[in-house]
Amino acid sequence: MTSYEYWVDPFVQFSFMRRALVACLALSLGCGPVGVLLMLRRMSLMGDALSHAILPGVAIAFLLAGFSLPAMTLGGFVAGLLVAVLAGTLSRLTLLQEDASFAAFQLVSLAAGVLIVSTKGGNVDLLHMLFGSVLAVDDQALLLAASIASLSLVALALLYRPLIIDSFDPGYLGSQRGAKALWQTLFLALVAMDLVAGFHTLGAMMAVGIMMLPAIAARFWARDVWSLMAVAVLIALLAGFIGLVLSFHYNLPSGPAIILTAGFFYLLSLSFGPLGVVRARFGTVGHHRKG
Amino acid sequence: MNPVIRLDNLTLGYERHPAIHHLSGQIERGSLTAVVGPNGAGKSTLLKGIKGLLPPLEGEIYLEGIGHGDLSLLPQQTELEANFPISVWDAVLIGHWRRVGAWGGVSRTHRQQAQLALESVGLGGFAHRVVSTLSGGQRQRMLFARILVEDAPVILLDEPFAAIDDRTVADLLVLISNWHQQGRTVVAVLHDLEQVRRHFPTTLLLARRALAWGATAQVLTADHWEQARSMSEAWDNDAPLCQSENP
């Protein structure tokens, strides 16, 4: 088998592979930059929590409307938004830190989501919701993923400056009650939206992987925010491509294959990236003369 | 008497436990005030309250003829995310936030002001450095540059010289006295009483309430200081609710 046959042929021959690849492109563009901001704001685990929090929304929509893409998308988004706002509000009103509220909501949401799906659907439905099915992406789902990615990029551009300022100097934009809370909530809404986009292809458990792993891996390559985002998108895209090819040839579940590939990139970056362990500990870096 | 900030029976604190008790007084326009007091006296809390970051539990803070945007606050260094990947240049340009907001463009004039500010704090060649590579003193110079860019009439400095090298302290004191000469109002939380005596005409001695507030020489007496240290009690969960104890 030539490398062309190995890497390119699956996409030439099968339209479901092409769709899956385009879906991965959309996800990479939407999730990569948002993941970088989550990481820099020390909210890496909140993405995880939020991705579980969308499950009951999706499940209720599934219960009411059956396997309807728009309904499930809306349900997931509303649930994610609700949890984001609730967690933020609770952390301001009580002595609980935001991450504690998120942890509580995440556990309750996951249990509730699984319970609701099980009352109506079978194990296949549940598996789809938890782990997605990127190879079964139809035109409608593809259009949705692309729209959300586009919207997400535009929204991020609009929120970029306040988010950067707030991440660097959390007191700068004012009090927790005013404008600062607004930016924070808008950002979490953006995260929820991107997770819902990832949900259909990668599932509730895996969607956050394409958001966080490339972002964390990028930290070992780049030194400022926009280049971190660019590297994250690139890694996410490569992970999607390689993961799909591997899952095609070796008959692996595609979602986990993509996330594991991203995980491999993380290990690679951690070890050999310019800011990684090997360079930092064993590199002969040298230094400039004074001046 | 021409106050720019008036405090009326102000109580500030967390979880109904006041860090500052029934504080009344005023900060004169164009004054240069040091806020001193023992640990836990409520000094930083006061600055946060004035800036509007902390809502009063009781009483009022009146800003006379200025808005919250006209207050520059130098945060304590520990409140910054020091490892955030941002360049010195961008960190200083943040000072234009009040003028450009989330979507406004940064003009050539804005950039010139930022460059000038960097040069005035001695960081002329540092624009492209990443903030995490700066020393504590350099980072403080950078934050002073941001305040220069903000160009606000009232400047609040929260422990500007904590863990900062002597040379930087001397340079930054020059900036502060320039601000004073330009007619800006400066309030700084400080620890070094000798420094306060030399450079700050007005002093507020705070120990949860104002023990003394006025000309520095009259405030910083051994008596007052002894009193301040005994006032600063520990957090008491069972403290009785305050029965308005105004004279």
# chains A, B, ... in the order shown; residues from 1 in each chain; ligands from 1
$ interface_residues --of "chain A" --to "chain B" --cutoff "12 Å" --atoms "only C-alpha atoms" --output "ChimeraX atom specification"
/A:36-37,39-42,92-95,155-180,183,219-229,291
$ select_by_dssp --residues "stretch 18-106 of chain B" --states "alpha helix (DSSP H)" --output "list in words"
Lys43, Ser44, Thr45, Leu46, Leu47, Lys48, Gly49, Ile50, Lys51, Val88, Trp89, Asp90, Ala91, Val92, Leu93, Trp97, Arg98, Arg99 and Val100 of chain B
$ write_last_selection --atoms "N, CA, C and O atoms" --output "PDB file, in the first residue's frame"
ATOM      1  N   LYS B  43      -6.372  48.024  54.451  1.00  0.00           N
ATOM      2  CA  LYS B  43      -5.817  49.012  53.523  1.00  0.00           C
ATOM      3  C   LYS B  43      -6.173  48.676  52.072  1.00  0.00           C
ATOM      4  O   LYS B  43      -6.708  49.518  51.329  1.00  0.00           O
ATOM      5  N   SER B  44      -5.888  47.436  51.654  1.00  0.00           N
ATOM      6  CA  SER B  44      -6.212  47.041  50.282  1.00  0.00           C
ATOM      7  C   SER B  44      -7.717  47.035  50.064  1.00  0.00           C
ATOM      8  O   SER B  44      -8.204  47.407  48.992  1.00  0.00           O
ATOM      9  N   THR B  45      -8.434  46.617  51.096  1.00  0.00           N
ATOM     10  CA  THR B  45      -9.893  46.591  51.005  1.00  0.00           C
ATOM     11  C   THR B  45     -10.426  47.985  50.703  1.00  0.00           C
ATOM     12  O   THR B  45     -11.341  48.153  49.897  1.00  0.00           O
ATOM     13  N   LEU B  46      -9.832  48.988  51.342  1.00  0.00           N
ATOM     14  CA  LEU B  46     -10.277  50.363  51.113  1.00  0.00           C
ATOM     15  C   LEU B  46     -10.093  50.763  49.650  1.00  0.00           C
ATOM     16  O   LEU B  46     -10.999  51.305  49.020  1.00  0.00           O
ATOM     17  N   LEU B  47      -8.910  50.445  49.084  1.00  0.00           N
ATOM     18  CA  LEU B  47      -8.668  50.810  47.681  1.00  0.00           C
ATOM     19  C   LEU B  47      -9.644  50.075  46.760  1.00  0.00           C
ATOM     20  O   LEU B  47     -10.182  50.660  45.824  1.00  0.00           O
ATOM     21  N   LYS B  48      -9.858  48.793  47.045  1.00  0.00           N
ATOM     22  CA  LYS B  48     -10.810  48.031  46.216  1.00  0.00           C
ATOM     23  C   LYS B  48     -12.205  48.626  46.310  1.00  0.00           C
ATOM     24  O   LYS B  48     -12.929  48.698  45.319  1.00  0.00           O
ATOM     25  N   GLY B  49     -12.558  49.050  47.500  1.00  0.00           N
ATOM     26  CA  GLY B  49     -13.874  49.654  47.685  1.00  0.00           C
ATOM     27  C   GLY B  49     -14.012  50.937  46.882  1.00  0.00           C
ATOM     28  O   GLY B  49     -15.002  51.160  46.202  1.00  0.00           O
ATOM     29  N   ILE B  50     -12.981  51.784  46.960  1.00  0.00           N
ATOM     30  CA  ILE B  50     -13.029  53.062  46.228  1.00  0.00           C
ATOM     31  C   ILE B  50     -13.129  52.804  44.727  1.00  0.00           C
ATOM     32  O   ILE B  50     -13.883  53.439  44.008  1.00  0.00           O
ATOM     33  N   LYS B  51     -12.380  51.795  44.263  1.00  0.00           N
ATOM     34  CA  LYS B  51     -12.389  51.493  42.831  1.00  0.00           C
ATOM     35  C   LYS B  51     -13.731  50.876  42.407  1.00  0.00           C
ATOM     36  O   LYS B  51     -14.042  50.795  41.226  1.00  0.00           O
ATOM     37  N   VAL B  88       4.914  42.691  26.990  1.00  0.00           N
ATOM     38  CA  VAL B  88       4.930  43.928  27.763  1.00  0.00           C
ATOM     39  C   VAL B  88       4.145  45.011  27.014  1.00  0.00           C
ATOM     40  O   VAL B  88       3.359  45.755  27.596  1.00  0.00           O
ATOM     41  N   TRP B  89       4.328  45.045  25.712  1.00  0.00           N
ATOM     42  CA  TRP B  89       3.659  46.032  24.864  1.00  0.00           C
ATOM     43  C   TRP B  89       2.147  45.942  25.014  1.00  0.00           C
ATOM     44  O   TRP B  89       1.462  46.932  25.278  1.00  0.00           O
ATOM     45  N   ASP B  90       1.608  44.724  24.851  1.00  0.00           N
ATOM     46  CA  ASP B  90       0.162  44.549  24.955  1.00  0.00           C
ATOM     47  C   ASP B  90      -0.337  44.866  26.364  1.00  0.00           C
ATOM     48  O   ASP B  90      -1.400  45.459  26.536  1.00  0.00           O
ATOM     49  N   ALA B  91       0.463  44.456  27.370  1.00  0.00           N
ATOM     50  CA  ALA B  91       0.047  44.700  28.752  1.00  0.00           C
ATOM     51  C   ALA B  91      -0.065  46.199  29.020  1.00  0.00           C
ATOM     52  O   ALA B  91      -0.945  46.643  29.753  1.00  0.00           O
ATOM     53  N   VAL B  92       0.817  46.985  28.416  1.00  0.00           N
ATOM     54  CA  VAL B  92       0.764  48.432  28.621  1.00  0.00           C
ATOM     55  C   VAL B  92      -0.387  49.050  27.821  1.00  0.00           C
ATOM     56  O   VAL B  92      -1.078  49.958  28.288  1.00  0.00           O
ATOM     57  N   LEU B  93      -0.618  48.509  26.624  1.00  0.00           N
ATOM     58  CA  LEU B  93      -1.720  49.035  25.796  1.00  0.00           C
ATOM     59  C   LEU B  93      -3.084  48.812  26.454  1.00  0.00           C
ATOM     60  O   LEU B  93      -4.053  49.506  26.139  1.00  0.00           O
ATOM     61  N   TRP B  97      -7.853  50.838  27.515  1.00  0.00           N
ATOM     62  CA  TRP B  97      -9.164  50.182  27.525  1.00  0.00           C
ATOM     63  C   TRP B  97     -10.318  51.172  27.651  1.00  0.00           C
ATOM     64  O   TRP B  97     -11.308  51.090  26.940  1.00  0.00           O
ATOM     65  N   ARG B  98     -10.157  52.141  28.551  1.00  0.00           N
ATOM     66  CA  ARG B  98     -11.233  53.100  28.806  1.00  0.00           C
ATOM     67  C   ARG B  98     -11.579  53.881  27.531  1.00  0.00           C
ATOM     68  O   ARG B  98     -12.721  54.278  27.328  1.00  0.00           O
ATOM     69  N   ARG B  99     -10.597  54.097  26.680  1.00  0.00           N
ATOM     70  CA  ARG B  99     -10.841  54.868  25.455  1.00  0.00           C
ATOM     71  C   ARG B  99     -11.228  53.988  24.271  1.00  0.00           C
ATOM     72  O   ARG B  99     -12.049  54.366  23.447  1.00  0.00           O
ATOM     73  N   VAL B 100     -10.632  52.805  24.150  1.00  0.00           N
ATOM     74  CA  VAL B 100     -10.874  52.003  22.947  1.00  0.00           C
ATOM     75  C   VAL B 100     -11.884  50.875  23.174  1.00  0.00           C
ATOM     76  O   VAL B 100     -12.486  50.391  22.221  1.00  0.00           O
TER      77      VAL B 100
END
$ closest_atom_pairs --of "stretch 214-269 of chain A" --to "stretch 121-133 of chain A" --cutoff "9 Å" --atoms "only C-alpha atoms" --output "JSON lines"
{"residue": "A:Pro253", "atom": "CA", "partner": "A:Ser133", "partner_atom": "CA", "distance": 8.3}
{"residue": "A:Ser254", "atom": "CA", "partner": "A:Ser133", "partner_atom": "CA", "distance": 7.3}
{"residue": "A:Gly255", "atom": "CA", "partner": "A:Phe131", "partner_atom": "CA", "distance": 6.6}
{"residue": "A:Pro256", "atom": "CA", "partner": "A:Phe131", "partner_atom": "CA", "distance": 7.8}
$ closest_residue --among "B:Arg6, B:Arg197, B:Arg111, B:His21" --to "B:Gly65" --atoms "only C-alpha atoms"
B:Arg6
$ select_by_dssp --residues "stretch 12-191 of chain B" --states "strand (DSSP E)" --output "PyMOL selection string"
chain B and resi 12-14+17-28+32-36+58-63+71-74+154-157+185-189
$ residues_around --residues "stretch 109-111 of chain A" --least-positions-apart "3" --cutoff "10 Å" --atoms "only C-alpha atoms" --output "VMD selection string"
chain A and resid 49 to 57 79 to 80 83 103 to 106 114 to 116 130 204 to 205
$ write_last_selection --atoms "N, CA, C and O atoms" --output "short mmCIF file (atom, residue, chain, number, x, y, z; two decimals), in the first residue's frame"
data_model
loop_
_atom_site.label_atom_id
_atom_site.label_comp_id
_atom_site.auth_asym_id
_atom_site.auth_seq_id
_atom_site.Cartn_x
_atom_site.Cartn_y
_atom_site.Cartn_z
N ALA A 49 -16.43 19.66 32.61
CA ALA A 49 -17.68 19.69 33.37
C ALA A 49 -18.84 20.15 32.50
O ALA A 49 -19.92 19.56 32.51
N LEU A 50 -18.57 21.19 31.72
CA LEU A 50 -19.63 21.74 30.88
C LEU A 50 -20.07 20.73 29.82
O LEU A 50 -21.24 20.66 29.46
N SER A 51 -19.11 19.95 29.32
CA SER A 51 -19.47 18.99 28.27
C SER A 51 -20.40 17.91 28.83
O SER A 51 -21.23 17.38 28.12
N HIS A 52 -20.26 17.59 30.09
CA HIS A 52 -21.20 16.63 30.68
C HIS A 52 -22.52 17.28 30.99
O HIS A 52 -23.56 16.65 30.94
N ALA A 53 -22.44 18.58 31.29
CA ALA A 53 -23.65 19.30 31.69
C ALA A 53 -24.64 19.42 30.54
O ALA A 53 -25.83 19.59 30.78
N ILE A 54 -24.16 19.33 29.29
CA ILE A 54 -25.11 19.47 28.18
C ILE A 54 -25.95 18.20 28.00
O ILE A 54 -26.97 18.22 27.34
N LEU A 55 -25.51 17.11 28.62
CA LEU A 55 -26.16 15.82 28.36
C LEU A 55 -27.65 15.79 28.73
O LEU A 55 -28.46 15.34 27.91
N PRO A 56 -28.04 16.25 29.93
CA PRO A 56 -29.47 16.18 30.23
C PRO A 56 -30.32 16.99 29.27
O PRO A 56 -31.42 16.56 28.92
N GLY A 57 -29.80 18.13 28.80
CA GLY A 57 -30.54 18.93 27.83
C GLY A 57 -30.78 18.15 26.56
O GLY A 57 -31.89 18.11 26.02
N ALA A 79 -28.99 23.68 28.19
CA ALA A 79 -28.53 23.06 29.43
C ALA A 79 -27.13 23.55 29.80
O ALA A 79 -26.86 23.88 30.96
N GLY A 80 -26.24 23.62 28.80
CA GLY A 80 -24.88 24.09 29.07
C GLY A 80 -24.88 25.51 29.58
O GLY A 80 -24.19 25.85 30.55
N VAL A 83 -26.18 25.76 33.18
CA VAL A 83 -25.20 25.34 34.18
C VAL A 83 -24.10 26.39 34.33
O VAL A 83 -23.67 26.71 35.44
N ALA A 103 -18.30 21.04 39.45
CA ALA A 103 -18.14 19.62 39.73
C ALA A 103 -19.47 19.02 40.16
O ALA A 103 -19.86 17.94 39.70
N ALA A 104 -20.19 19.74 41.03
CA ALA A 104 -21.48 19.24 41.49
C ALA A 104 -22.44 19.08 40.32
O ALA A 104 -23.07 18.04 40.14
N PHE A 105 -22.53 20.14 39.49
CA PHE A 105 -23.47 20.09 38.37
C PHE A 105 -23.11 18.99 37.39
O PHE A 105 -23.98 18.31 36.84
N GLN A 106 -21.82 18.82 37.17
CA GLN A 106 -21.37 17.83 36.20
C GLN A 106 -21.84 16.44 36.59
O GLN A 106 -22.37 15.69 35.78
N VAL A 114 -27.89 10.22 31.55
CA VAL A 114 -27.88 8.79 31.26
C VAL A 114 -29.23 8.17 31.62
O VAL A 114 -29.81 7.37 30.87
N LEU A 115 -29.77 8.59 32.76
CA LEU A 115 -31.06 8.07 33.21
C LEU A 115 -32.16 8.39 32.21
O LEU A 115 -32.95 7.52 31.83
N ILE A 116 -32.18 9.66 31.77
CA ILE A 116 -33.26 10.08 30.86
C ILE A 116 -33.18 9.33 29.54
O ILE A 116 -34.17 8.84 29.02
N LEU A 130 -22.89 9.49 24.28
CA LEU A 130 -21.67 9.57 25.08
C LEU A 130 -20.42 9.66 24.21
O LEU A 130 -19.47 10.35 24.54
N ALA A 204 -20.68 13.34 24.16
CA ALA A 204 -20.53 14.18 25.35
C ALA A 204 -19.21 13.92 26.08
O ALA A 204 -18.64 14.82 26.67
N MET A 205 -18.74 12.68 26.04
CA MET A 205 -17.53 12.37 26.79
C MET A 205 -16.27 12.80 26.05
O MET A 205 -15.25 13.10 26.67
#
$ atom_distance --atom1 "atom CA of A:Phe16" --atom2 "atom CA of A:Ser150"
21.9 Å
$ closest_residue --among "B:Ala41, B:Val219, B:Leu143, B:Leu157" --to "B:Gly13" --atoms "only C-alpha atoms"
B:Ala41
$ residues_around --residues "B:Leu63" --least-positions-apart "2" --cutoff "7 Å" --atoms "only C-alpha atoms" --output "list in words"
Val4, Ile5, Arg6, Ile61, Gly65, Ile66 and Gly67 of chain B
$ write_last_selection --atoms "all heavy atoms" --output "PDB file, in the first residue's frame"
ATOM      1  N   VAL B   4     -12.114  64.901  46.355  1.00  0.00           N
ATOM      2  CA  VAL B   4     -12.415  64.181  45.124  1.00  0.00           C
ATOM      3  C   VAL B   4     -13.085  62.848  45.478  1.00  0.00           C
ATOM      4  O   VAL B   4     -13.851  62.302  44.704  1.00  0.00           O
ATOM      5  CB  VAL B   4     -11.130  63.979  44.282  1.00  0.00           C
ATOM      6  CG1 VAL B   4     -10.138  63.062  44.971  1.00  0.00           C
ATOM      7  CG2 VAL B   4     -11.469  63.462  42.896  1.00  0.00           C
ATOM      8  N   ILE B   5     -12.802  62.364  46.693  1.00  0.00           N
ATOM      9  CA  ILE B   5     -13.456  61.138  47.175  1.00  0.00           C
ATOM     10  C   ILE B   5     -13.922  61.407  48.601  1.00  0.00           C
ATOM     11  O   ILE B   5     -13.148  61.891  49.431  1.00  0.00           O
ATOM     12  CB  ILE B   5     -12.477  59.948  47.176  1.00  0.00           C
ATOM     13  CG1 ILE B   5     -12.008  59.657  45.757  1.00  0.00           C
ATOM     14  CG2 ILE B   5     -13.129  58.708  47.790  1.00  0.00           C
ATOM     15  CD1 ILE B   5     -10.791  58.768  45.697  1.00  0.00           C
ATOM     16  N   ARG B   6     -15.195  61.118  48.875  1.00  0.00           N
ATOM     17  CA  ARG B   6     -15.699  61.260  50.231  1.00  0.00           C
ATOM     18  C   ARG B   6     -16.207  59.921  50.731  1.00  0.00           C
ATOM     19  O   ARG B   6     -16.911  59.213  50.018  1.00  0.00           O
ATOM     20  CB  ARG B   6     -16.854  62.286  50.265  1.00  0.00           C
ATOM     21  CG  ARG B   6     -16.389  63.718  50.426  1.00  0.00           C
ATOM     22  CD  ARG B   6     -17.534  64.624  50.878  1.00  0.00           C
ATOM     23  NE  ARG B   6     -18.703  64.518  49.991  1.00  0.00           N
ATOM     24  CZ  ARG B   6     -19.904  64.114  50.414  1.00  0.00           C
ATOM     25  NH1 ARG B   6     -20.101  63.784  51.670  1.00  0.00           N
ATOM     26  NH2 ARG B   6     -20.903  64.048  49.565  1.00  0.00           N
ATOM     27  N   ILE B  61     -19.537  55.623  49.316  1.00  0.00           N
ATOM     28  CA  ILE B  61     -18.336  56.247  48.780  1.00  0.00           C
ATOM     29  C   ILE B  61     -18.810  57.206  47.699  1.00  0.00           C
ATOM     30  O   ILE B  61     -19.472  56.787  46.754  1.00  0.00           O
ATOM     31  CB  ILE B  61     -17.409  55.189  48.153  1.00  0.00           C
ATOM     32  CG1 ILE B  61     -16.997  54.147  49.196  1.00  0.00           C
ATOM     33  CG2 ILE B  61     -16.190  55.865  47.535  1.00  0.00           C
ATOM     34  CD1 ILE B  61     -16.359  52.928  48.603  1.00  0.00           C
ATOM     35  N   GLY B  65     -17.243  64.512  40.944  1.00  0.00           N
ATOM     36  CA  GLY B  65     -16.844  65.016  39.632  1.00  0.00           C
ATOM     37  C   GLY B  65     -16.014  64.043  38.807  1.00  0.00           C
ATOM     38  O   GLY B  65     -15.444  64.412  37.782  1.00  0.00           O
ATOM     39  N   ILE B  66     -15.920  62.787  39.243  1.00  0.00           N
ATOM     40  CA  ILE B  66     -15.221  61.774  38.449  1.00  0.00           C
ATOM     41  C   ILE B  66     -16.064  60.501  38.441  1.00  0.00           C
ATOM     42  O   ILE B  66     -16.978  60.343  39.250  1.00  0.00           O
ATOM     43  CB  ILE B  66     -13.821  61.439  39.021  1.00  0.00           C
ATOM     44  CG1 ILE B  66     -13.947  61.005  40.482  1.00  0.00           C
ATOM     45  CG2 ILE B  66     -12.877  62.616  38.908  1.00  0.00           C
ATOM     46  CD1 ILE B  66     -12.681  60.393  41.042  1.00  0.00           C
ATOM     47  N   GLY B  67     -15.754  59.596  37.513  1.00  0.00           N
ATOM     48  CA  GLY B  67     -16.425  58.297  37.484  1.00  0.00           C
ATOM     49  C   GLY B  67     -15.438  57.212  37.872  1.00  0.00           C
ATOM     50  O   GLY B  67     -14.250  57.487  38.073  1.00  0.00           O
TER      51      GLY B  67
END
